[in-house]
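Colleague: Submitted below is the structure of interest, expressed as structure tokens.
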Amino acid sequence: MAKPIITKNREDYPNTFYGGGGGCGESLVRFKCGCFKNAERSFEQTKQCVQMSSVQVLTKIDDALCVFHSPIGCTGCTSFINGFSKLKRVQAGKGAPRNIPYIVTNMDERDIVFGGTDKLIEAVAEGYRRYKPKVVFVLASCASGIIGDNINAAARKAEEQIGARVIPIHCEGFKSQLNATGIDAAFDAIIGYLLDGTKPEKEDDLINLFFPQSLTAYDRLEMSRLVELFGKRANTVPDYAAIDDILRIPAASATISACYIFADHLAEWLEAEYGIPYDVIGLPIGIQNTDRYLRALGKLFGQEDVAEAFIEKEHKRIEKPLGELRAKLAGKRVLTGSGTSRSLATALLAGDLGMELVAIQTPVLNGRVAAEIEVLADRHGAGFVLDLSCVQPFELANIIKKHNVEFLIGFNTVATFLGVPGIQTQGSDDFQQMGYDGVLNLGEKIVRLSANPTFQAHLRDRGYSPYREDWYEKEPFSYLKEGAI
Amino acid sequence: MAEILQTPRGSCALGGALAAVASINKAVPILHAGPGCGVQAFAGQLGNAGANRTCFVPDSFPCTNMSQHDVVFGGIDHLDEVIRGSIELLKGELFFVLTGCTSDIIGDDVENLVSDYIQRGEPVTFANTGGFHGDGARGYETVIETALAHIAPMPETKDECLVNLLGIGPALSKCWSGNIEEIARILERLGFRVNTFFTRGEGYAQLRAASRASANIILSPHLLAEAEKQFESLHGIKSFRYPGVPAGPTETTDFVRKASEFLGVDSALADRVIREEEAYFFDYASATAMRIPTEKIAIVADANTAIGLTRFLANDYSQQVVKVIVTDDVPEMIQPVVRGRLGGFRWLPDPDIHFLQDDYDIKQALAGDEFDMILGSSLEDEIVVPRGLQFQVVSLPAGPDMILSKAYAGYRGGLTFLEDFINACRPVHIPGISL
């Protein structure tokens, strides 16, 4: 068994920030000169935790079992994801609906005092008896971490008992300010416990596609289809991958990570260990990012001409319907937000649709993100507001009112209650958002949602927004403690 | 000791408490907890119950997002900032601090901080709701106990016409809010005003008025045992406990008669209400005469729902319930009460009854072929589809369906349940057509 893996926190990498807010131009200047200061918030709303991100990777692996060493509440997101995941799994052609199997040690007051590792070993053994999974992932929690339960030792003991891999994941919720650390914790474990040292036979026509879980079933099909244009096959990870698919990762001839904070470290490791070339790009939402996806594929396969020909053909194909959408959405003031890659990609999409970017909320600022924000500044001008947060709706409410935002792309409730229409892009499993048709789909949805905002107006007029009126007289970043721009 | 559990059907104490506080009008839950707790607790309880409450702060609760630094050095100062910010920013009437595992384990002195706010006359209170204290039902109980101890003042006079309706916890069952409203409607017909606390825009005022009520109605075989004692010792209020949420005419009428006796309602009034409500039910229900389903049924639900639906189908609607799996944590001492309520019917033999929480055990108990319909949670779809069974979701997790004001309880809720039940009994396989 490899030595325990403690993942480095995302915020501990050089030039990486998670708290702040202000004008985009000023922020970029500060970032570039190395004088951007991270700012904590004195008031804040609930964020996401490291474990939730680990879960998004690990519960997607089809023949593995997750065991949570925690009270039952820590399975809330998994339980909720299960509902959607079941549907997506059926859509992906994996057969009849099946619940994600997971077991929780159900830590109680007694376990907090006396420790709960015996229960953890029992849970792994029982889970193995029930499902014979190829791998068991043991997920730590705040509670297990603070009381100091040794999940590494417990995992080792359980592994001896059942004879299958038992992998501890250090995803304690308090561990990091950025939930993306949980993605790293999951992939670091996959590297350290499953991939390191393996030498699978090369598959020249195979490419790794690393996509976050917000990929819809339709997006998944489209992204694989685009790979097939080049005569290659996609190994899409972790979406319903089997352990064998995971073990096949080092066999691939190339890697694309379609998110700035998802499996980028795994892609780098694959290059260092196996010489597999890679590219880290944004989610292929919007024309520019879809172009980039195709160009990245073309370059990795040495088939740039195929990419360029297809891009030209597709641009022509969507020119007319896109023009019609632009005519309807021209100049509409938009705020985009959500996760890192999605917020940035939808801001570019807004440009494709002729909308005016007023503000962007995004959780991480690092070199890759800054480069992306520069692209946005070229496109939209540097006048938009940058809200560096893992979604703090109170700040967004202020920005929406102060800057007369007319449409929100992201988590839309905050806008809806202020009378402003929006679209919830994450968790919408019923349509294709990526690729060129995704541009048209999203554009059409935005047109329809903007066409008749009566319900939003009713909620606004009846005072459903919880914030006091005088909040809108203050600056949106009034609760940043230091380093505020 | 709490046992290991596959796929729990609800959240922890924090999840239940969050659902309860979020359902109190103009109450702001403030979480002194880890960064994921707000979303995990919301998703696990309210999110799995049809997400049917707007919640005063719908998409993001104030939270201290406790970090490594807080674990080592304590997080009270930041909690102070977040409470202050909440009062500045939010149009709340009550600010309810709920602690998570981290704060409870490291021992942050939340009580001391909150008492400073109370001394300054701010409407702030708190409860220890770290997940390891128990399940969602425990969180609901904690919120009620806290409200009684800290919010409801010693009453000067009692209000003879006021009763508290308790036992149906927010997001602890499907249709919980509609069910509360239907039972409240019936009690109002008997001449009472009803504190429901969590529906109809009720909030801080009703919590304060809880101690002025003349009686409590507790609809549950096992919940709120502590609060029941507290009501009696603190405020001299007696409770009428009815095990199970009544659904359909026979059961609801039984509830009305017993509650009327306890509350001293004029029997002529009770008789009139029963007569009218039963007629309303059967006038509609009679239209289903040509489509009475013939399925043999297995019910998988929390005790309150399982009792209500089993008795409704057995006593009123000619159905055969052959198996009942009770999925919430009913203490062993109370299980005989629940068993008693799930049997002893005039026509129907007693169903096969289990008390199980672990999803694997539940699926094992459903392995037989003695039934052809499941009234259960969305987790049962994985066995329903391959076996071609009929299926209706009646319990949690309710899946992606939106559930707003609908009720299964009482006379009118009974009709809504019949609609869902009969509509679910459609042929799954039409020869030659694949659905």
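Every chain in the structure tokens takes a letter, A first, then B, and so on in the order presented; its residues are numbered from 1, and the ligands are numbered from 1 following the presented order.
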Do me a favour and pick out the residues of chain A within 8 Å of chain B, using only C-alpha atoms, as an NGL selection string.
Modeller: :A and (42-52 or 71-77 or 79-80 or 83-84 or 96-99 or 101-110 or 112 or 119 or 123 or 142-143 or 146-147 or 173-177 or 392-393 or 413-414 or 464-468 or 471)
Colleague: Mind checking which residues fall within 9 Å of range 240-255 of chain B, counting only C-alpha atoms, ignoring those fewer than 3 positions away in the same chain, and posting them as a PyMOL selection string?
Modeller: chain B and resi 167-168+179+183+215-222+258-260+262-263+274+277-278+281-282+303-309+311-313+315-317+337-338+341+408-415+417
Colleague: Between CA of Thr425 in chain A and CA of Thr336 in chain A, what is the distance, to one decimal in Å?
Modeller: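 Taking CA of Thr425 in chain A as the start and CA of Thr336 in chain A as the end point, the length is 10.2 Å.
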Colleague: Go through range 49-251 of chain B and collect every residue that DSSP, computed from the backbone, puts in helix (DSSP H, G or I); the answer should be as a PyMOL selection string.
Modeller: chain B and resi 49+68-73+76-89+101-106+110-119+131-133+136-151+176-189+204-212+225-235+249-251
Colleague: Could you name the residues that touch Val143 in chain B at 9 Å or less, counting only C-alpha atoms, but leaving out those on the same chain fewer than 3 positions away, as an MDAnalysis selection string?
Modeller: chainID B and resid 16:18 20:21 126:127 129 138:140 146:148
Colleague: Counting only C-alpha atoms, figure out which residue out of B:Val394, B:Leu165, B:Val324, B:Ala227 gets nearest to Ile180 in chain B.
Modeller: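 Closest to Ile180 in chain B of all the choices is B:Leu165.
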